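Chemist: Have a peek at work36.txt (compact mmCIF, C-alpha atoms).
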# COMPACT_ATOMS: atom_id res chain seq x y z
CA MET G 1 95.94 87.68 108.84
CA PHE G 2 97.76 84.73 107.25
CA SER G 3 99.79 83.41 110.17
CA LYS G 4 99.80 79.76 109.04
CA ILE G 5 99.77 78.67 105.38
CA ILE G 6 99.17 75.22 103.89
CA VAL G 7 101.30 75.05 100.74
CA GLY G 8 100.20 72.32 98.33
CA THR G 9 103.10 71.02 96.27
CA SER G 10 103.28 68.66 93.29
CA LEU G 11 107.11 68.47 93.42
CA SER G 12 107.24 69.97 89.93
CA GLU G 13 109.42 72.84 88.69
CA THR G 14 106.31 75.01 88.64
CA SER G 15 105.65 74.16 92.28
CA SER G 16 109.15 75.19 93.34
CA LYS G 17 109.17 78.35 91.24
CA THR G 18 105.84 79.63 92.53
CA LEU G 19 106.91 79.51 96.18
CA CYS G 20 108.28 83.02 95.67
CA CYS G 21 104.66 84.23 95.61
CA LEU G 22 104.54 83.69 99.37
CA LYS G 23 107.43 85.99 100.27
CA ASP G 24 105.39 89.19 100.54
CA LEU G 25 102.86 87.45 102.80
CA ARG G 26 105.46 87.66 105.56
CA GLN G 27 104.40 91.32 105.69
CA ALA G 28 100.82 90.14 106.26
CA GLY G 29 101.81 88.19 109.34
CA ALA G 30 102.58 84.79 107.79
CA THR G 31 105.11 82.98 109.96
CA GLU G 32 104.40 79.25 109.49
CA ALA G 33 104.22 77.17 106.32
CA ILE G 34 103.14 73.55 106.12
CA LEU G 35 104.45 72.02 102.90
CA ALA G 36 101.86 69.42 101.94
CA HIS G 37 102.40 66.78 99.26
CA ALA G 38 99.32 64.63 98.69
CA MET G 39 99.50 61.23 97.01
CA ASN G 40 96.32 59.87 95.46
CA ILE G 41 95.50 56.56 97.12
CA ARG G 42 93.98 55.29 93.85
CA ASP G 43 97.32 55.69 92.07
CA VAL G 44 99.85 54.87 94.76
CA GLY G 45 98.69 51.60 96.26
CA SER G 46 101.52 49.59 97.79
CA LEU G 47 104.16 51.98 96.42
CA TYR G 48 103.47 54.64 99.05
CA SER G 49 106.66 54.10 101.07
CA GLN G 50 108.88 54.11 97.98
CA LEU G 51 107.23 57.18 96.49
CA ARG G 52 107.42 59.03 99.78
CA LYS G 53 111.15 58.34 99.99
CA MET G 54 111.60 59.56 96.41
CA ALA G 55 109.72 62.77 97.24
CA GLU G 56 111.82 63.65 100.28
CA PRO G 57 114.77 65.37 98.51
CA MET G 58 112.50 67.76 96.59
CA LEU G 59 110.42 68.46 99.70
CA GLU G 60 113.59 69.32 101.61
CA GLU G 61 114.66 71.68 98.81
CA GLN G 62 111.30 73.42 98.88
CA LYS G 63 111.42 73.59 102.67
CA LYS G 64 114.77 75.36 102.42
CA ILE G 65 113.31 77.91 99.96
CA LEU G 66 110.54 78.76 102.42
CA GLU G 67 112.92 78.85 105.40
CA ASP G 68 115.13 81.32 103.54
CA MET G 69 112.07 83.59 103.30
CA GLY G 70 111.75 83.48 107.08
CA PHE G 71 109.04 80.83 107.48
CA SER G 72 109.00 78.12 110.08
CA VAL G 73 108.34 75.03 107.93
CA GLU G 74 107.09 71.51 108.47
CA ILE G 75 106.44 68.83 105.87
CA GLU G 76 103.32 66.68 105.58
CA VAL G 77 103.02 63.80 103.11
CA LEU G 78 99.36 62.87 102.76
CA LEU G 79 97.73 59.71 101.40
CA GLY G 80 94.15 59.80 100.19
CA PHE G 81 92.23 62.00 97.76
CA PRO G 82 94.54 65.03 97.48
CA ALA G 83 92.01 67.88 97.45
CA TYR G 84 90.17 66.40 100.43
CA GLU G 85 93.39 65.75 102.33
CA ILE G 86 94.72 69.27 101.81
CA ASN G 87 91.47 70.86 102.98
CA ARG G 88 91.32 68.45 105.92
CA LEU G 89 94.88 69.31 106.90
CA ALA G 90 94.06 73.02 106.73
CA ARG G 91 91.19 72.51 109.17
CA GLU G 92 93.19 70.33 111.55
CA LYS G 93 96.15 72.70 111.62
CA GLN G 94 93.87 75.74 111.97
CA ALA G 95 95.54 77.34 108.97
CA SER G 96 94.50 80.75 107.70
CA LEU G 97 95.34 80.26 104.01
CA ILE G 98 95.82 77.48 101.45
CA ALA G 99 98.28 78.11 98.63
CA VAL G 100 98.19 76.07 95.41
CA HIS G 101 99.93 76.65 92.09
CA MET G 102 99.46 76.60 88.35
CA THR G 103 100.86 78.23 85.24
CA SER G 104 99.08 81.14 83.57
CA GLU G 105 98.56 79.16 80.35
CA SER G 106 96.77 76.00 81.37
CA LEU G 107 95.24 73.95 84.13
CA PHE G 108 96.79 70.83 82.70
CA ASP G 109 100.59 71.20 82.94
CA ASP G 110 100.97 68.60 85.67
CA THR G 111 98.80 66.24 87.68
CA PHE G 112 98.42 68.56 90.64
CA VAL G 113 97.41 71.53 88.52
CA GLY G 114 95.18 69.44 86.30
CA GLY G 115 92.70 68.52 88.98
CA VAL G 116 93.78 68.92 92.56
CA ALA G 117 94.27 72.69 92.62
CA TYR G 118 90.82 73.34 91.23
CA GLU G 119 89.23 70.78 93.54
CA VAL G 120 90.90 72.44 96.53
CA ILE G 121 89.45 75.78 95.45
CA GLN G 122 85.94 74.39 94.96
CA HIS G 123 85.75 72.92 98.46
CA ALA G 124 87.92 75.29 100.49
CA GLU G 125 86.53 76.95 103.58
CA LEU G 126 89.64 79.14 103.83
CA PRO G 127 91.07 81.74 101.46
CA VAL G 128 93.06 80.13 98.65
CA LEU G 129 96.02 81.78 96.97
CA VAL G 130 96.55 80.48 93.44
CA MET G 131 100.25 81.09 92.82
CA LYS G 132 101.24 81.60 89.21
CA ALA G 133 104.17 80.94 86.90
CA LYS G 134 104.43 81.05 83.13
CA THR G 135 106.37 78.95 80.68
CA ALA G 136 108.53 80.33 77.89
CA HIS G 137 110.64 78.21 75.53
CA GLY G 138 110.05 75.22 77.77
CA GLN G 139 111.27 77.03 80.89
CA CYS G 140 109.22 77.98 83.92
CA GLU G 141 109.40 81.69 84.77
CA LEU G 142 108.31 83.63 87.84
CA VAL G 143 105.42 86.09 87.71
CA CYS G 144 104.67 86.80 91.36
CA GLU G 145 107.71 87.85 93.35
CA GLU G 146 105.99 90.94 94.79
CA VAL G 147 102.28 90.26 95.23
CA LEU G 148 101.57 93.41 97.25
CA THR G 149 102.72 95.89 94.61
CA HIS G 150 99.35 96.64 92.96
CA ILE G 151 96.23 94.65 93.84
CA ILE G 152 93.12 94.62 91.68
CA HIS G 153 89.86 93.86 93.45
CA PRO G 154 86.82 92.95 91.31
CA THR G 155 83.52 93.43 93.12
CA ASP G 156 79.84 92.88 92.46
CA PHE G 157 78.93 94.44 95.85
CA SER G 158 77.67 91.09 97.14
CA ASP G 159 78.22 89.86 100.71
CA ASN G 160 81.10 87.68 99.56
CA ALA G 161 82.67 90.61 97.69
CA GLU G 162 82.47 92.69 100.87
CA ARG G 163 84.24 89.90 102.74
CA ALA G 164 86.95 89.86 100.07
CA PHE G 165 87.28 93.64 100.36
CA ALA G 166 88.03 93.25 104.07
CA TYR G 167 91.09 91.22 103.03
CA VAL G 168 92.09 93.98 100.62
CA GLU G 169 91.96 96.40 103.55
CA LYS G 170 94.19 94.13 105.60
CA LEU G 171 96.66 93.80 102.73
CA VAL G 172 96.79 97.58 102.47
CA GLU G 173 97.52 97.74 106.18
CA SER G 174 100.29 95.18 105.53
CA GLY G 175 102.01 97.42 102.99
CA CYS G 176 100.14 97.38 99.66
CA LYS G 177 100.11 101.01 98.51
CA LYS G 178 98.28 100.73 95.18
CA VAL G 179 94.82 99.20 94.55
CA THR G 180 92.46 99.15 91.58
CA LEU G 181 88.75 98.60 92.24
CA LEU G 182 86.83 97.08 89.35
CA HIS G 183 83.11 96.60 88.78
CA VAL G 184 81.86 95.31 85.44
CA GLN G 185 78.49 96.49 84.15
CA GLU G 186 77.22 93.25 82.65
CA GLN G 187 76.26 93.83 79.05
CA GLU G 188 74.21 90.66 78.72
CA ARG G 189 71.95 91.68 81.60
CA ILE G 190 71.69 95.39 80.77
CA ASP G 191 71.45 95.41 76.95
CA LYS G 192 68.04 93.77 76.67
CA TYR G 193 65.91 96.08 78.79
CA LEU G 194 68.09 98.50 80.75
CA LYS G 195 70.50 100.08 78.27
CA ASP G 196 68.87 103.49 78.68
CA ARG G 197 69.69 103.37 82.40
CA LEU G 198 73.41 102.62 82.00
CA ALA G 199 74.46 106.17 82.94
CA GLU G 200 72.33 105.90 86.09
CA PHE G 201 73.90 102.56 87.02
CA ASN G 202 77.38 103.96 86.40
CA ALA G 203 76.70 106.92 88.70
CA ILE G 204 75.38 104.69 91.49
CA ASP G 205 78.29 102.27 91.23
CA GLN G 206 80.84 105.07 90.96
CA ALA G 207 79.57 106.38 94.29
CA ARG G 208 79.83 102.90 95.82
CA MET G 209 83.39 102.55 94.56
CA GLU G 210 84.31 106.00 95.88
CA ARG G 211 83.24 104.89 99.35
CA LEU G 212 85.45 101.80 99.07
CA LYS G 213 88.28 104.00 97.85
CA GLU G 214 87.98 106.24 100.91
CA ARG G 215 88.16 103.21 103.20
CA LEU G 216 91.39 102.08 101.53
CA LEU G 217 92.95 105.53 101.69
CA ALA G 218 92.12 105.63 105.40
CA LYS G 219 93.93 102.30 105.82
CA GLY G 220 97.10 103.69 104.24
CA ALA G 221 96.77 103.17 100.49
CA GLU G 222 98.54 105.86 98.47
CA GLU G 223 96.79 105.33 95.12
CA VAL G 224 93.34 103.84 94.48
CA PHE G 225 91.94 103.63 90.95
CA ILE G 226 88.37 102.87 89.87
CA GLU G 227 87.40 100.95 86.72
CA ILE G 228 83.77 100.41 85.61
CA PRO G 229 83.91 98.75 82.17
CA TYR G 230 80.92 97.50 80.20
CA GLY G 231 80.78 93.97 78.77
CA SER G 232 81.30 90.38 79.87
CA ALA G 233 82.57 90.25 83.45
CA THR G 234 85.07 87.48 82.84
CA ARG G 235 86.34 88.93 79.59
CA GLU G 236 86.62 92.48 80.92
CA LEU G 237 88.51 91.45 84.04
CA LEU G 238 90.98 89.42 81.99
CA ARG G 239 91.37 92.31 79.53
CA VAL G 240 92.05 94.87 82.25
CA VAL G 241 94.52 92.56 84.00
CA ALA G 242 96.32 91.84 80.73
CA GLU G 243 96.68 95.56 79.95
CA ASN G 244 98.07 96.60 83.34
CA ALA G 245 100.87 95.59 85.69
CA TYR G 246 98.83 94.18 88.55
CA SER G 247 100.53 91.93 91.08
CA MET G 248 97.49 90.01 92.40
CA ILE G 249 93.73 89.67 91.99
CA VAL G 250 91.77 89.54 95.26
CA MET G 251 88.15 88.48 94.84
CA GLY G 252 85.27 86.54 96.34
CA SER G 253 84.72 83.02 95.11
CA GLN G 254 80.93 83.36 95.02
CA GLY G 255 78.43 86.14 94.62
CA ARG G 256 75.74 87.44 92.34
CA GLY G 257 76.12 88.47 88.74
CA PHE G 258 79.83 88.94 88.18
CA ILE G 259 81.15 86.34 90.59
CA SER G 260 78.43 83.88 89.64
CA GLU G 261 79.52 84.16 86.02
CA VAL G 262 83.10 83.47 87.00
CA PHE G 263 82.71 80.62 89.44
CA LEU G 264 79.58 78.75 88.44
CA GLY G 265 78.83 76.80 85.28
CA SER G 266 80.91 76.26 82.18
CA VAL G 267 83.23 79.27 82.66
CA SER G 268 84.12 78.40 86.25
CA HIS G 269 87.81 77.89 85.48
CA ASN G 270 88.44 81.04 83.49
CA ILE G 271 89.79 83.60 85.92
CA VAL G 272 91.90 81.18 87.92
CA ARG G 273 93.04 79.42 84.79
CA LYS G 274 93.77 82.37 82.51
CA ALA G 275 94.82 85.22 84.78
CA PRO G 276 98.53 85.94 84.31
CA VAL G 277 98.97 86.92 87.98
CA PRO G 278 98.23 85.25 91.34
CA VAL G 279 94.61 85.10 92.44
CA LEU G 280 93.53 85.26 96.09
CA LEU G 281 90.05 83.76 96.41
CA ILE G 282 87.98 84.51 99.49
CA PRO G 283 85.19 81.98 100.06
CA ALA G 284 81.70 82.85 101.22
CA VAL G 285 80.74 82.00 104.78
CA ARG G 286 79.20 78.53 104.83
Translate this file's structure into C-alpha cells.

Modeler:
Amino acid sequence: MFSKIIVGTSLSETSSKTLCCLKDLRQAGATEAILAHAMNIRDVGSLYSQLRKMAEPMLEEQKKILEDMGFSVEIEVLLGFPAYEINRLAREKQASLIAVHMTSESLFDDTFVGGVAYEVIQHAELPVLVMKAKTAHGQCELVCEEVLTHIIHPTDFSDNAERAFAYVEKLVESGCKKVTLLHVQEQERIDKYLKDRLAEFNAIDQARMERLKERLLAKGAEEVFIEIPYGSATRELLRVVAENAYSMIVMGSQGRGFISEVFLGSVSHNIVRKAPVPVLLIPAVR
C-alpha cells in the first residue's frame, strides 16, 4: 500500500522526532523512503551550495534513523518552491505516500511547518501523512510511535470518504486491530428545519456505520466502535480524539458537509493543525 514514501524534512528537532511515526508503516508494505529537504529559491539565492553542505550532517542522521527502522533510504535536496518540489518529486518517483510533520500545538513552530506542510497537503495527489509531535517545557516529545494501535475514521459517506475507508481496510489488513468509525450529525444544518428528524437520521447512519463495521471485521479487525455525535463536525472530532487514546486519524481531504467544513474556508487548518495525533489524509480523485 505504501511501498515508497517521500519524507519532507525541515532539519528541525521536530522533523527528526516525528520520523518514528513511519515505523509501523513497514507493516503496511513501506520499504523505501526518500528523505526530501526543499530549499526555497527565493530565500537561498547564491547560498545554495553552502546551505546544502550545512544540511548534510542532519540529513545523514535522519537517514540513519529510517535505515534502523528497515527502510532503504535516499536523500534528495530540492531547490525551488518547496511544496511544489515535494509534490513533483512524489510524482517523478512514483511514490505512494507523502509524509510531512508538525507539532500538535501550532502550524508555526518552524518554517517548514508554517507554510510548506500545509501547501503540500493542499496540492497533493497522493495520500499525505501528517506526523505529529508535541512540545513540553521547551522539549519536543513523541506522540506517534505506534500509529496502527487504534485508528479513528471520520466519514460523511461521500465518495472521498469511501476512498479513505478503503485505506482503513488496508491498514486493518496490515495489523490494525482496533478502529472507531465516526459520523457527526451537523447541528448547524439540522437544527433549523430538521431537528424533528434527528432520530431518523441517526438510525439511517447507524445502519451505514454497521455495514462499514462488518467490512472491517471481515478484514481482521478485532474491535470496531461507532460514534455518531451531534454538533460541529470539526469541534466534535477534536473532542472525541482528545478524550480517547487514538493513534491516527484517517480521513478524506474533501467531501460534502463534514469534510467540506474541515478542509474548505476559514477552518481549513483545524484538524491537521490541532489534532494531537497523526492524520492520514486521502485526497479525492482529480

Chemist: State, in Å with one decimal place, the distance from atom CA of G:Ile282 to atom CA of G:Pro127.

Modeler: 4.6 Å

Chemist: What's around G:Leu78 at 12 Å? Count all atoms listed in the file, leave out sequence neighbours fewer than 6 positions away in its own chain, and write the answer as JSON, numbers by chain.

Modeler: {"G": [8, 9, 10, 34, 35, 36, 37, 38, 39, 40, 41, 44, 48, 49, 51, 52, 55, 84, 85, 86, 87, 88, 89]}

Chemist: Residues within 7 Å of stretch 178-188 of chain G, please, as a PyMOL selection string. Count all atoms listed in the file; anything in the same chain fewer than 2 positions from it doesn't count.

Modeler: chain G and resi 149-156+176+190-191+221-233

Chemist: Applying 10 Å and all atoms listed in the file, which residues near G:Phe165 remain after dropping the ones on its own chain fewer than 2 positions away? List them as a ChimeraX atom specification.

Modeler: /G:153-155,157,159-163,167-171,181,212,216,250-252,282

Chemist: Between G:Ile75, G:Val100, G:Leu198, G:Leu11, which residue has the minimum interatomic distance to G:Val130, considering all atoms listed in the file?

Modeler: G:Val100

Chemist: Give me the residues near stretch 240-247 of chain G as a list in words, where near means some atom within 8 Å (using all atoms listed in the file) and where sequence neighbours in that chain fewer than 3 positions away do not count.

Modeler: Cys144, Glu146, Val147, Leu148, Thr149, His150, Ile151, Ile152, Glu236, Leu237, Ala275, Pro276, Val277 and Pro278 of chain G

Chemist: Could you check the closest approach to G:Arg239 for each of G:Lys53, G:Arg208, G:Lys213, G:Lys274 and tell me which residue wins, using all atoms listed in the file?

Modeler: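 Counting all atoms listed in the file, the residue closest to G:Arg239 is G:Lys274.
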
Chemist: So the first atom is atom CA of G:Leu79 and the second is atom CA of G:Val120; what is the distance between them in Å, to one decimal place?

Modeler: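 Computed distance, atom CA of G:Leu79 to atom CA of G:Val120, equals 15.2 Å.
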
Chemist: Please, what distance in Å, to one decimal, runs between atom CA of G:Val7 and atom CA of G:Arg26?

Modeler: 14.1 Å

Chemist: Nearest to G:Ile98 among G:Lys63, G:Lys177, G:His123, G:Lys192, with distances taken over only C-alpha atoms: which residue is it?

Modeler: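 Using only C-alpha atoms, G:Ile98 sits closest to G:His123.
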
Chemist: Using only C-alpha atoms, pick whichever of G:Ser46, G:Glu13, G:Leu25, G:Lys219 has the shortest atom-to-atom distance to G:Met58.

Modeler: G:Glu13

Chemist: From the options G:Pro283, G:Gly45, G:Pro57, G:Gly70, which residue's atoms come nearest to G:Gln27, counting only C-alpha atoms?

Modeler: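 So, comparing all the options, the nearest one is G:Gly70.
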
Chemist: Which is closer to G:Arg42 than all the others in G:Gly220, G:Ser72, G:Pro82, G:Ala90, using all atoms listed in the file?

Modeler: G:Pro82
